[in-house]
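The file target16.csv contains CSV, C-alpha atoms and all ligand atoms:
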chain,number,residue,atom,x,y,z
B,1,MET,CA,-58.5,53.1,-5.0
B,2,ASP,CA,-59.6,49.5,-5.7
B,3,ASN,CA,-58.2,49.8,-9.1
B,4,ASN,CA,-54.8,50.1,-7.6
B,5,LEU,CA,-55.0,47.2,-5.2
B,6,ASP,CA,-55.5,44.5,-7.7
B,7,SER,CA,-52.1,42.8,-7.7
B,8,LEU,CA,-49.6,41.4,-5.1
B,9,ILE,CA,-47.1,44.2,-5.9
B,10,ALA,CA,-49.7,47.0,-5.5
B,11,VAL,CA,-51.0,45.5,-2.2
B,12,SER,CA,-47.5,45.0,-0.7
B,13,ASP,CA,-46.5,48.4,-1.8
B,14,TYR,CA,-49.5,50.2,-0.4
B,15,PHE,CA,-49.4,48.4,2.9
B,16,ARG,CA,-45.6,48.6,3.4
B,17,SER,CA,-45.9,50.4,6.7
B,18,ASN,CA,-48.0,49.8,9.8
B,19,GLU,CA,-49.2,53.4,9.6
B,20,ASN,CA,-50.6,52.8,6.1
B,21,CYS,CA,-52.4,49.7,7.4
B,22,LYS,CA,-53.9,51.5,10.3
B,23,ALA,CA,-55.0,54.4,8.2
B,24,PHE,CA,-56.7,52.0,5.8
B,25,LEU,CA,-58.5,50.1,8.6
B,26,ILE,CA,-59.6,53.4,10.2
B,27,GLN,CA,-61.2,54.4,6.9
B,28,GLN,CA,-62.8,51.0,6.5
B,29,ARG,CA,-64.1,50.7,10.0
B,30,TRP,CA,-65.0,54.3,10.9
B,31,ASN,CA,-65.0,56.1,7.7
B,32,ASN,CA,-62.2,58.2,9.3
B,33,THR,CA,-64.4,59.4,12.2
B,34,ILE,CA,-63.0,57.3,15.1
B,35,GLU,CA,-65.8,56.0,17.4
B,36,CYS,CA,-65.6,54.3,20.7
B,37,PRO,CA,-66.6,50.6,20.2
B,38,TYR,CA,-68.1,50.5,23.7
B,39,CYS,CA,-70.5,53.4,23.7
B,40,SER,CA,-70.3,54.7,20.1
B,41,CYS,CA,-69.1,58.1,21.3
B,42,SER,CA,-67.2,59.9,18.7
B,43,LYS,CA,-65.3,62.2,21.0
B,44,VAL,CA,-62.0,60.3,21.7
B,45,TYR,CA,-58.5,61.1,22.8
B,46,ILE,CA,-55.5,59.8,20.9
B,47,THR,CA,-53.1,58.0,23.3
B,48,ASN,CA,-49.7,56.5,22.9
B,49,ARG,CA,-51.1,53.1,22.2
B,50,GLY,CA,-54.4,53.9,20.6
B,51,TYR,CA,-57.5,55.8,21.8
B,52,LYS,CA,-59.4,56.7,24.9
B,53,CYS,CA,-63.1,57.4,25.0
B,54,ALA,CA,-63.8,61.0,26.2
B,55,ASP,CA,-67.3,60.2,27.5
B,56,LYS,CA,-67.0,60.5,31.3
B,57,ASN,CA,-69.2,57.4,31.9
B,58,CYS,CA,-67.1,55.3,29.6
B,59,LYS,CA,-63.5,56.4,29.4
B,60,LYS,CA,-62.5,53.0,27.9
B,61,LYS,CA,-59.3,52.5,26.0
B,62,PHE,CA,-59.4,50.9,22.6
B,63,THR,CA,-57.4,50.5,19.3
B,64,ILE,CA,-58.4,50.0,15.7
B,65,THR,CA,-58.4,46.2,16.3
B,66,THR,CA,-60.6,46.2,19.4
B,67,GLY,CA,-63.5,43.8,19.0
B,68,THR,CA,-62.3,42.7,15.5
B,69,VAL,CA,-60.8,39.5,14.2
B,70,MET,CA,-57.3,41.1,14.7
B,71,GLU,CA,-57.8,42.0,18.4
B,72,ASN,CA,-54.8,41.3,20.6
B,73,THR,CA,-52.8,40.1,17.6
B,74,LYS,CA,-49.0,39.9,18.0
B,75,LEU,CA,-48.5,39.9,14.3
B,76,PRO,CA,-48.0,43.3,12.5
B,77,LEU,CA,-51.1,44.4,10.7
B,78,ARG,CA,-49.3,44.0,7.4
B,79,TYR,CA,-49.2,40.3,7.9
B,80,TRP,CA,-52.9,40.2,8.4
B,81,ILE,CA,-53.6,42.3,5.3
B,82,MET,CA,-51.2,40.2,3.1
B,83,ALA,CA,-52.9,37.0,4.4
B,84,ILE,CA,-56.3,38.4,3.6
B,85,TYR,CA,-55.0,39.3,0.1
B,86,PHE,CA,-53.7,35.7,-0.5
B,87,SER,CA,-56.8,34.2,1.0
B,88,SER,CA,-59.3,36.3,-1.1
B,89,SER,CA,-57.4,36.4,-4.3
B,90,SER,CA,-56.3,32.8,-4.9
B,91,LYS,CA,-58.9,30.9,-6.8
B,92,ASN,CA,-58.6,27.7,-4.6
B,93,GLY,CA,-57.6,29.3,-1.4
B,94,ILE,CA,-54.1,29.1,0.2
B,95,SER,CA,-52.8,26.5,2.5
B,96,ALA,CA,-51.1,27.3,5.8
B,97,ALA,CA,-47.9,25.8,4.4
B,98,GLU,CA,-47.9,28.1,1.5
B,99,LEU,CA,-48.7,31.2,3.5
B,100,SER,CA,-46.0,30.4,6.1
B,101,ARG,CA,-43.5,30.4,3.2
B,102,HIS,CA,-44.8,33.7,1.7
B,103,LEU,CA,-44.8,35.5,5.0
B,104,LYS,CA,-41.9,33.8,6.8
B,105,ILE,CA,-44.0,32.8,9.8
B,106,THR,CA,-44.5,29.4,11.4
B,107,GLY,CA,-47.0,26.9,10.0
B,108,ARG,CA,-48.9,27.1,13.2
B,109,THR,CA,-49.2,30.9,13.1
B,110,ALA,CA,-50.2,30.8,9.4
B,111,TRP,CA,-52.8,28.2,10.1
B,112,PHE,CA,-54.3,30.2,13.0
B,113,LEU,CA,-54.2,33.4,10.8
B,114,LEU,CA,-56.1,31.6,8.0
B,115,GLN,CA,-58.7,30.1,10.4
B,116,ARG,CA,-59.4,33.5,11.8
B,117,ILE,CA,-59.8,35.0,8.3
B,118,ARG,CA,-62.2,32.1,7.4
B,119,ASN,CA,-64.2,32.9,10.5
B,120,MET,CA,-64.3,36.5,9.4
B,121,PHE,CA,-65.8,35.4,6.1
B,122,ALA,CA,-68.9,33.9,7.9
B,123,ASN,CA,-72.1,35.6,6.8
B,124,ASN,CA,-73.3,36.8,10.2
B,125,ALA,CA,-76.6,38.5,9.3
B,126,PRO,CA,-77.7,36.8,6.2
B,127,GLN,CA,-80.8,37.8,4.3
B,128,MET,CA,-83.4,35.2,3.5
B,129,LEU,CA,-82.9,33.6,0.1
B,130,ASP,CA,-85.8,34.0,-2.4
B,131,GLY,CA,-86.7,33.3,-6.0
B,132,THR,CA,-85.6,29.9,-7.2
B,133,ILE,CA,-83.3,28.0,-4.8
B,134,GLN,CA,-81.4,24.9,-5.7
B,135,LEU,CA,-80.9,22.5,-2.7
B,136,ASP,CA,-78.2,19.8,-2.5
B,137,GLU,CA,-75.7,18.2,-0.2
B,138,THR,CA,-72.2,17.1,-0.9
B,139,PHE,CA,-69.8,14.9,1.1
B,140,VAL,CA,-66.3,15.9,2.0
B,141,GLY,CA,-63.3,13.9,3.0
B,142,GLY,CA,-63.2,10.2,3.5
B,143,LYS,CA,-61.2,7.6,1.8
B,144,ASN,CA,-60.1,8.2,-1.7
B,145,LYS,CA,-62.2,5.4,-3.1
B,146,ASN,CA,-65.3,7.2,-1.8
B,147,ARG,CA,-64.5,10.6,-3.2
B,148,HIS,CA,-66.4,10.4,-6.4
B,149,ARG,CA,-69.8,12.0,-6.3
B,150,ASP,CA,-71.4,9.5,-8.6
B,151,LYS,CA,-70.7,6.9,-5.9
B,152,LYS,CA,-72.8,8.8,-3.5
B,153,VAL,CA,-75.3,6.3,-2.1
B,154,LYS,CA,-78.5,8.1,-2.8
B,155,GLN,CA,-81.2,6.0,-1.2
B,156,SER,CA,-79.2,4.3,1.6
B,157,GLN,CA,-79.8,5.1,5.2
B,158,GLY,CA,-78.1,8.4,6.0
B,159,ARG,CA,-77.1,8.8,2.4
B,160,SER,CA,-73.4,8.9,3.2
B,161,PHE,CA,-70.3,7.1,4.0
B,162,LYS,CA,-69.3,7.0,7.7
B,163,ASP,CA,-65.9,8.7,7.0
B,164,LYS,CA,-67.3,11.7,5.1
B,165,THR,CA,-68.9,14.9,6.3
B,166,PRO,CA,-72.1,16.2,4.7
B,167,VAL,CA,-72.4,19.8,3.7
B,168,MET,CA,-75.8,21.3,2.9
B,169,GLY,CA,-76.0,23.9,0.1
B,170,MET,CA,-78.6,26.4,-1.0
B,171,LEU,CA,-78.1,28.3,-4.2
B,172,GLN,CA,-80.3,31.3,-5.0
B,173,GLN,CA,-80.4,31.2,-8.8
B,174,GLU,CA,-79.2,34.1,-10.9
B,175,VAL,CA,-82.0,36.3,-12.3
B,176,ASN,CA,-81.5,37.3,-15.9
B,177,GLU,CA,-83.3,38.6,-18.9
B,178,PHE,CA,-82.6,38.5,-22.6
B,179,ILE,CA,-82.7,41.7,-24.6
B,180,GLU,CA,-82.5,42.1,-28.3
B,181,ARG,CA,-80.1,44.6,-29.7
B,182,PRO,CA,-78.4,45.4,-33.0
B,183,HIS,CA,-75.2,43.5,-33.7
B,184,LYS,CA,-72.2,45.7,-32.8
B,185,ILE,CA,-70.6,45.4,-36.3
B,186,ILE,CA,-73.3,44.2,-38.6
B,187,LYS,CA,-75.9,46.9,-37.9
B,188,ASP,CA,-78.9,45.2,-39.5
B,189,ARG,CA,-78.5,42.0,-37.5
B,190,ILE,CA,-80.4,41.6,-34.2
B,191,VAL,CA,-78.7,39.6,-31.4
B,192,LYS,CA,-79.9,38.4,-28.1
B,193,GLU,CA,-77.9,39.4,-25.1
B,194,LYS,CA,-78.2,38.1,-21.5
B,195,ILE,CA,-78.4,40.8,-18.9
B,196,ILE,CA,-77.9,39.6,-15.3
B,197,LEU,CA,-80.3,41.3,-13.0
B,198,ARG,CA,-79.1,39.5,-9.8
B,199,GLU,CA,-76.1,37.3,-9.4
B,200,ALA,CA,-76.4,33.8,-8.0
B,201,ILE,CA,-75.5,33.4,-4.4
B,202,ILE,CA,-74.8,30.4,-2.3
B,203,ARG,CA,-75.1,29.5,1.3
B,204,CYS,CA,-73.7,26.3,2.9
B,205,LYS,CA,-73.6,24.6,6.2
B,206,VAL,CA,-71.8,21.6,7.6
B,207,ILE,CA,-74.4,19.2,8.9
B,208,ALA,CA,-74.4,16.1,11.2
B,209,ASP,CA,-76.2,13.9,8.7
B,210,THR,CA,-78.7,14.2,5.8
B,211,LYS,CA,-81.8,13.3,7.6
B,212,THR,CA,-85.0,15.4,7.5
B,213,GLU,CA,-84.3,16.9,11.0
B,214,SER,CA,-80.9,18.1,9.9
B,215,LEU,CA,-81.8,19.5,6.5
B,216,GLN,CA,-85.2,21.0,6.8
B,217,PRO,CA,-84.7,23.5,9.7
B,218,ILE,CA,-81.7,25.0,7.8
B,219,ILE,CA,-83.8,25.4,4.6
B,220,ARG,CA,-86.7,26.8,6.5
B,221,ALA,CA,-84.5,29.3,8.4
B,222,ASN,CA,-82.8,30.5,5.2
B,223,VAL,CA,-85.4,30.4,2.4
B,224,LYS,CA,-88.4,32.7,2.2
B,225,ALA,CA,-91.8,31.1,2.2
B,226,ASN,CA,-93.4,30.6,-1.3
B,227,SER,CA,-90.0,30.4,-3.0
B,228,ILE,CA,-89.3,27.7,-5.6
B,229,VAL,CA,-87.0,25.0,-4.2
B,230,VAL,CA,-85.4,22.4,-6.5
B,231,SER,CA,-83.9,19.3,-5.1
B,232,ASP,CA,-83.2,15.7,-6.0
B,233,GLU,CA,-85.4,12.8,-4.9
B,234,TRP,CA,-83.8,12.3,-1.5
B,235,PHE,CA,-86.5,11.6,1.1
B,236,ALA,CA,-85.4,14.2,3.5
B,237,TYR,CA,-86.7,16.9,1.2
B,238,ARG,CA,-90.2,15.5,1.3
B,239,GLY,CA,-92.7,17.8,3.0
B,240,LEU,CA,-91.1,21.1,1.8
B,241,ASN,CA,-94.3,21.6,-0.2
B,242,ASN,CA,-96.1,23.0,2.8
B,243,LYS,CA,-94.1,26.1,2.7
B,244,TYR,CA,-92.5,26.2,-0.8
B,245,HIS,CA,-93.1,25.2,-4.4
B,246,HIS,CA,-91.0,22.1,-4.5
B,247,TYR,CA,-89.7,20.6,-7.7
B,248,ILE,CA,-87.8,17.4,-7.9
B,249,VAL,CA,-85.1,16.5,-10.4
B,250,ASP,CA,-84.8,12.7,-10.3
B,251,HIS,CA,-81.0,12.0,-10.4
B,252,ALA,CA,-81.6,8.3,-9.8
B,253,ALA,CA,-83.4,8.2,-13.1
B,254,LYS,CA,-80.5,10.1,-14.7
B,255,GLN,CA,-82.6,13.2,-15.1
B,256,TYR,CA,-80.8,16.5,-14.8
B,257,VAL,CA,-83.5,18.9,-16.0
B,258,ASN,CA,-87.0,18.0,-15.0
B,259,GLU,CA,-90.1,18.4,-17.1
B,260,ALA,CA,-90.7,21.9,-15.8
B,261,GLY,CA,-87.2,22.9,-16.7
B,262,TYR,CA,-85.7,23.0,-13.2
B,263,THR,CA,-82.2,21.8,-12.5
B,264,SER,CA,-79.7,21.8,-9.7
B,265,ASN,CA,-76.7,22.2,-12.1
B,266,ALA,CA,-75.5,25.5,-10.8
B,267,LEU,CA,-75.1,24.1,-7.3
B,268,GLU,CA,-73.4,21.0,-8.6
B,269,GLY,CA,-70.9,23.3,-10.4
B,270,GLY,CA,-70.3,25.1,-7.1
B,271,TRP,CA,-69.6,21.8,-5.3
B,272,SER,CA,-67.0,20.9,-7.9
B,273,ILE,CA,-65.2,24.2,-7.3
B,274,PHE,CA,-65.4,23.6,-3.5
B,275,LYS,CA,-63.9,20.1,-3.8
B,276,THR,CA,-61.1,21.3,-6.0
B,277,ALA,CA,-60.1,23.7,-3.3
B,278,ILE,CA,-60.4,21.3,-0.5
B,279,ILE,CA,-58.6,18.4,-2.2
B,280,GLY,CA,-56.2,20.4,-4.2
B,281,THR,CA,-55.1,23.0,-1.7
B,282,HIS,CA,-55.8,21.7,1.8
B,283,ARG,CA,-55.8,17.9,1.1
B,284,LYS,CA,-57.4,17.0,4.4
B,285,VAL,CA,-59.9,19.0,6.5
B,286,THR,CA,-61.4,17.6,9.7
B,287,ARG,CA,-65.1,17.6,10.3
B,288,LYS,CA,-64.6,20.1,13.2
B,289,HIS,CA,-62.9,22.7,11.0
B,290,LEU,CA,-64.8,22.2,7.8
B,291,GLN,CA,-67.3,25.0,8.3
B,292,LEU,CA,-64.5,27.5,8.2
B,293,TYR,CA,-63.3,26.2,4.8
B,294,VAL,CA,-66.9,26.3,3.7
B,295,ASN,CA,-67.1,30.0,4.7
B,296,GLU,CA,-64.1,30.7,2.6
B,297,PHE,CA,-65.6,29.0,-0.4
B,298,VAL,CA,-69.0,30.7,0.0
B,299,TYR,CA,-67.3,34.1,0.3
B,300,ARG,CA,-65.3,33.5,-2.9
B,301,TYR,CA,-68.3,32.2,-4.8
B,302,ASN,CA,-70.5,35.1,-3.8
B,303,THR,CA,-67.9,37.6,-4.8
B,304,LYS,CA,-66.8,36.0,-8.0
B,305,ARG,CA,-68.0,38.8,-10.2
B,306,LEU,CA,-65.9,41.4,-8.3
B,307,LYS,CA,-62.6,42.5,-9.7
B,308,ASP,CA,-59.6,41.4,-7.6
B,309,GLY,CA,-59.0,44.8,-6.1
B,310,ALA,CA,-62.6,45.3,-5.2
B,311,ARG,CA,-62.8,41.8,-3.6
B,312,PHE,CA,-59.7,42.4,-1.6
B,313,ILE,CA,-61.1,45.6,-0.2
B,314,ASP,CA,-64.4,44.0,0.6
B,315,ALA,CA,-62.5,41.1,2.3
B,316,VAL,CA,-60.4,43.5,4.4
B,317,SER,CA,-63.5,45.4,5.4
B,318,LYS,CA,-64.8,42.3,7.1
B,319,PHE,CA,-62.1,42.5,9.7
B,320,THR,CA,-64.7,44.0,12.1
B,321,ASN,CA,-66.4,40.6,12.2
B,322,GLY,CA,-66.0,39.0,15.6
B,323,ARG,CA,-62.8,37.5,16.7
B,324,ILE,CA,-62.2,33.9,17.5
B,325,THR,CA,-59.6,32.8,20.1
B,326,TYR,CA,-56.8,30.3,19.6
B,327,LYS,CA,-58.4,28.3,22.5
B,328,ALA,CA,-61.7,28.1,20.7
B,329,LEU,CA,-60.1,27.1,17.5
B,330,VAL,CA,-58.1,24.2,18.9
B,331,ALA,CA,-60.6,23.2,21.6
N,1,ZN,ZN,-67.0,55.0,25.1

Using structure tokens, write down the structure from this file.
Amino acid sequence: MDNNLDSLIAVSDYFRSNENCKAFLIQQRWNNTIECPYCSCSKVYITNRGYKCADKNCKKKFTITTGTVMENTKLPLRYWIMAIYFSSSSKNGISAAELSRHLKITGRTAWFLLQRIRNMFANNAPQMLDGTIQLDETFVGGKNKNRHRDKKVKQSQGRSFKDKTPVMGMLQQEVNEFIERPHKIIKDRIVKEKIILREAIIRCKVIADTKTESLQPIIRANVKANSIVVSDEWFAYRGLNNKYHHYIVDHAAKQYVNEAGYTSNALEGGWSIFKTAIIGTHRKVTRKHLQLYVNEFVYRYNTKRLKDGARFIDAVSKFTNGRITYKALVA
């Protein structure tokens, strides 16, 4: 099916009715065997508005959206699904203003919808990273004159400008190997081909500041012991050696690959994609909401090798991730 859901026209066609949306979500959530979300009983009655658990100790009513990001929504499911499509398929994300025009909903509704979808993209049960991990922070927002990365104040207290928000990033490097094979046309020529054994993945967190106490607990909670970690010379990374093999790339000395061949280039590349999305699409994001935008970027980065249709289905299937209330979002 994912081959068919790889364009706007295919998606809007397929999800043209609420029944189709429901059927799709039932398949994604329960693999077509409806299950009570309260007691996991699979004996349920169909009611006018949804389902009722048949277990005599439970008897609770529920619907396909109970306990999901779409719970208690007033919007038709089609709007959710289209919003997830726009959010997961656009390279730099979609702004609330754009979405409100596409779906003919208010800017406020569009904003809330997108924030919930970003919350749904949060990786709730992440595995520990291992192998070689690039570590770096970036700074988001602030005055225009402070936007350029090369103006980052590396060795100053706090390493930041007061008006910018730091984001910590950890990138688990791609694992690849080169194989030799005959050239496809010229048979007697041997060529080297890169085979990717494991895709790079990224994990990011908005932090209060870039001090040791802010950075290291996140690294230690996300990266397996004895992994290789690569960072720049920032003092807050000192001491990682007691758990990891720590390599330093000295950016202050204009070094981008150190003597042992380690770099943090992949993560730097990730930051530039992230900033393009933030500055280009959303223009201004407050510190309070930044983590949600970070989630969206991380999701897109970690699924970048998926085809559009497959990514869309993967994104929709995350609807069972917990809901967030309007109250919590605007609090
Ligand atoms: Zn039940």

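Excluding B:Ala315 itself and any same-chain residue fewer than 4 positions from it, the protein and nucleic acid residues within 9 Å of it, counting all atoms listed in the file, are Ile84, Tyr85, Ser88, Ile117, Met120, Phe121, Tyr299, Ala310, Arg311 and Phe319 of chain B.
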
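Using only C-alpha atoms for every distance, the candidate list B:Thr281, B:Ser227, B:Gln28, B:Ser272 yields B:Ser227 as the residue closest to B:Asp130.
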
Please find the residues contacting ligand ZN 1 (chain N) at a distance of at most 8 Å between atoms, with only C-alpha atoms and all ligand atoms counted, and report them as a list in words.
Glu35, Cys36, Pro37, Tyr38, Cys39, Ser40, Cys41, Lys52, Cys53, Ala54, Asp55, Asn57, Cys58, Lys59 and Lys60 of chain B

Nearest-residue call for B:Pro166, choices B:Phe86, B:Trp80, B:Tyr237, B:Trp271, using only C-alpha atoms:
B:Trp271

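The space separating atom CA of B:Phe312 from atom CA of B:Gly269 comes to 23.8 Å.
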
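One finds atom CA of B:Arg287 at 27.5 Å from atom CA of B:Met82.
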
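Residue nearest B:Trp30 within the list B:Thr63, B:Ser7, B:Gln216, B:Asn18: B:Thr63 [criterion: smallest interatomic distance, only C-alpha atoms].
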
With 8 Å as the threshold, what does the neighbourhood of (-51.3, 48.7, 8.0) contain in terms of residues, counting only C-alpha atoms? Coordinates are those of the file; answer as a PDB file with C-alpha atoms, in the frame of the given file.
ATOM      1  CA  PHE B  15     -49.400  48.400   2.900  1.00  0.00           C
ATOM      2  CA  ARG B  16     -45.600  48.600   3.400  1.00  0.00           C
ATOM      3  CA  SER B  17     -45.900  50.400   6.700  1.00  0.00           C
ATOM      4  CA  ASN B  18     -48.000  49.800   9.800  1.00  0.00           C
ATOM      5  CA  GLU B  19     -49.200  53.400   9.600  1.00  0.00           C
ATOM      6  CA  ASN B  20     -50.600  52.800   6.100  1.00  0.00           C
ATOM      7  CA  CYS B  21     -52.400  49.700   7.400  1.00  0.00           C
ATOM      8  CA  LYS B  22     -53.900  51.500  10.300  1.00  0.00           C
ATOM      9  CA  ALA B  23     -55.000  54.400   8.200  1.00  0.00           C
ATOM     10  CA  PHE B  24     -56.700  52.000   5.800  1.00  0.00           C
ATOM     11  CA  LEU B  25     -58.500  50.100   8.600  1.00  0.00           C
ATOM     12  CA  PRO B  76     -48.000  43.300  12.500  1.00  0.00           C
ATOM     13  CA  LEU B  77     -51.100  44.400  10.700  1.00  0.00           C
ATOM     14  CA  ARG B  78     -49.300  44.000   7.400  1.00  0.00           C
ATOM     15  CA  ILE B  81     -53.600  42.300   5.300  1.00  0.00           C
TER      16      ILE B  81
END

Got a sec: who's within 8 Å of B:Ala122, counting only C-alpha atoms, leaving out chain neighbours fewer than 6 positions off, as a ChimeraX atom specification?
/B:292,295-296,299

Would you list the contacts of B:Arg305 as a JSON list (two decimals) with C-alpha atoms, keeping the file's coordinate frame, taking every protein, DNA or RNA residue within 12 Å and counting all atoms listed in the file, but skipping same-chain residues closer than 2 positions in sequence?
[["chain", "number", "residue", "atom", "x", "y", "z"],
["B", 196, "ILE", "CA", -77.90, 39.60, -15.30],
["B", 198, "ARG", "CA", -79.10, 39.50, -9.80],
["B", 199, "GLU", "CA", -76.10, 37.30, -9.40],
["B", 200, "ALA", "CA", -76.40, 33.80, -8.00],
["B", 201, "ILE", "CA", -75.50, 33.40, -4.40],
["B", 299, "TYR", "CA", -67.30, 34.10, 0.30],
["B", 300, "ARG", "CA", -65.30, 33.50, -2.90],
["B", 301, "TYR", "CA", -68.30, 32.20, -4.80],
["B", 302, "ASN", "CA", -70.50, 35.10, -3.80],
["B", 303, "THR", "CA", -67.90, 37.60, -4.80],
["B", 307, "LYS", "CA", -62.60, 42.50, -9.70],
["B", 308, "ASP", "CA", -59.60, 41.40, -7.60],
["B", 309, "GLY", "CA", -59.00, 44.80, -6.10],
["B", 310, "ALA", "CA", -62.60, 45.30, -5.20],
["B", 311, "ARG", "CA", -62.80, 41.80, -3.60]]

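The space between atom CA of B:Thr263 and atom CA of B:Ser214 spans 22.7 Å.
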
Given the choices B:Lys74, B:Gln291, B:Gly67, B:Val175, which gets closest to B:Ile133 if the distance is worked out from only C-alpha atoms?
B:Val175

Near-B:His289 list (10 Å; only C-alpha atoms; drop same-chain fewer than 2 positions) as a VMD selection string
chain B and resid 115 206 285 to 287 291 to 294 329 to 330

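Proximity ranking of B:Leu129, B:Leu197, B:Ile207, B:Ile279 relative to B:Val223 places B:Leu129 first, based on only C-alpha atoms.
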
Residues within 6 Å of stretch 92-98 of chain B, all atoms listed in the file, excluding chain neighbours under 6 positions, as a PyMOL selection string
chain B and resi 107+110-111+277+281-282

Counting only C-alpha atoms, which residue out of B:Gly239, B:Val249, B:Asp188, B:Glu137 sits closest to B:Thr210?
B:Glu137

Would you mind exporting stretch 225-238 of chain B with N, CA and C atoms, as a PDB file, in the first residue's frame?
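This went into part-v8.pdb:
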ATOM      1  N   ALA B 225      28.044   2.814  27.307  1.00  0.00           N
ATOM      2  CA  ALA B 225      29.429   2.858  27.789  1.00  0.00           C
ATOM      3  C   ALA B 225      30.360   2.243  26.746  1.00  0.00           C
ATOM      4  N   ASN B 226      31.595   2.743  26.739  1.00  0.00           N
ATOM      5  CA  ASN B 226      32.642   2.252  25.836  1.00  0.00           C
ATOM      6  C   ASN B 226      32.453   2.615  24.370  1.00  0.00           C
ATOM      7  N   SER B 227      31.429   3.412  24.066  1.00  0.00           N
ATOM      8  CA  SER B 227      31.302   3.909  22.697  1.00  0.00           C
ATOM      9  C   SER B 227      32.385   4.939  22.436  1.00  0.00           C
ATOM     10  N   ILE B 228      32.580   5.269  21.172  1.00  0.00           N
ATOM     11  CA  ILE B 228      33.488   6.363  20.814  1.00  0.00           C
ATOM     12  C   ILE B 228      32.661   7.636  20.740  1.00  0.00           C
ATOM     13  N   VAL B 229      33.058   8.660  21.470  1.00  0.00           N
ATOM     14  CA  VAL B 229      32.361   9.944  21.354  1.00  0.00           C
ATOM     15  C   VAL B 229      33.330  10.994  20.811  1.00  0.00           C
ATOM     16  N   VAL B 230      32.828  11.825  19.894  1.00  0.00           N
ATOM     17  CA  VAL B 230      33.654  12.839  19.238  1.00  0.00           C
ATOM     18  C   VAL B 230      33.023  14.194  19.494  1.00  0.00           C
ATOM     19  N   SER B 231      33.813  15.115  20.046  1.00  0.00           N
ATOM     20  CA  SER B 231      33.271  16.449  20.303  1.00  0.00           C
ATOM     21  C   SER B 231      34.330  17.483  19.950  1.00  0.00           C
ATOM     22  N   ASP B 232      33.967  18.748  20.063  1.00  0.00           N
ATOM     23  CA  ASP B 232      34.999  19.767  19.933  1.00  0.00           C
ATOM     24  C   ASP B 232      35.627  20.003  21.310  1.00  0.00           C
ATOM     25  N   GLU B 233      36.388  21.090  21.425  1.00  0.00           N
ATOM     26  CA  GLU B 233      37.230  21.288  22.607  1.00  0.00           C
ATOM     27  C   GLU B 233      36.490  21.904  23.801  1.00  0.00           C
ATOM     28  N   TRP B 234      35.202  22.121  23.664  1.00  0.00           N
ATOM     29  CA  TRP B 234      34.406  22.757  24.724  1.00  0.00           C
ATOM     30  C   TRP B 234      34.598  22.054  26.069  1.00  0.00           C
ATOM     31  N   PHE B 235      34.835  22.852  27.110  1.00  0.00           N
ATOM     32  CA  PHE B 235      35.238  22.271  28.401  1.00  0.00           C
ATOM     33  C   PHE B 235      34.196  21.332  29.013  1.00  0.00           C
ATOM     34  N   ALA B 236      32.928  21.565  28.679  1.00  0.00           N
ATOM     35  CA  ALA B 236      31.875  20.747  29.305  1.00  0.00           C
ATOM     36  C   ALA B 236      31.925  19.281  28.876  1.00  0.00           C
ATOM     37  N   TYR B 237      32.704  18.978  27.852  1.00  0.00           N
ATOM     38  CA  TYR B 237      32.847  17.574  27.437  1.00  0.00           C
ATOM     39  C   TYR B 237      33.980  16.876  28.183  1.00  0.00           C
ATOM     40  N   ARG B 238      34.758  17.646  28.938  1.00  0.00           N
ATOM     41  CA  ARG B 238      35.876  17.023  29.654  1.00  0.00           C
ATOM     42  C   ARG B 238      35.360  16.045  30.703  1.00  0.00           C
TER      43      ARG B 238
END
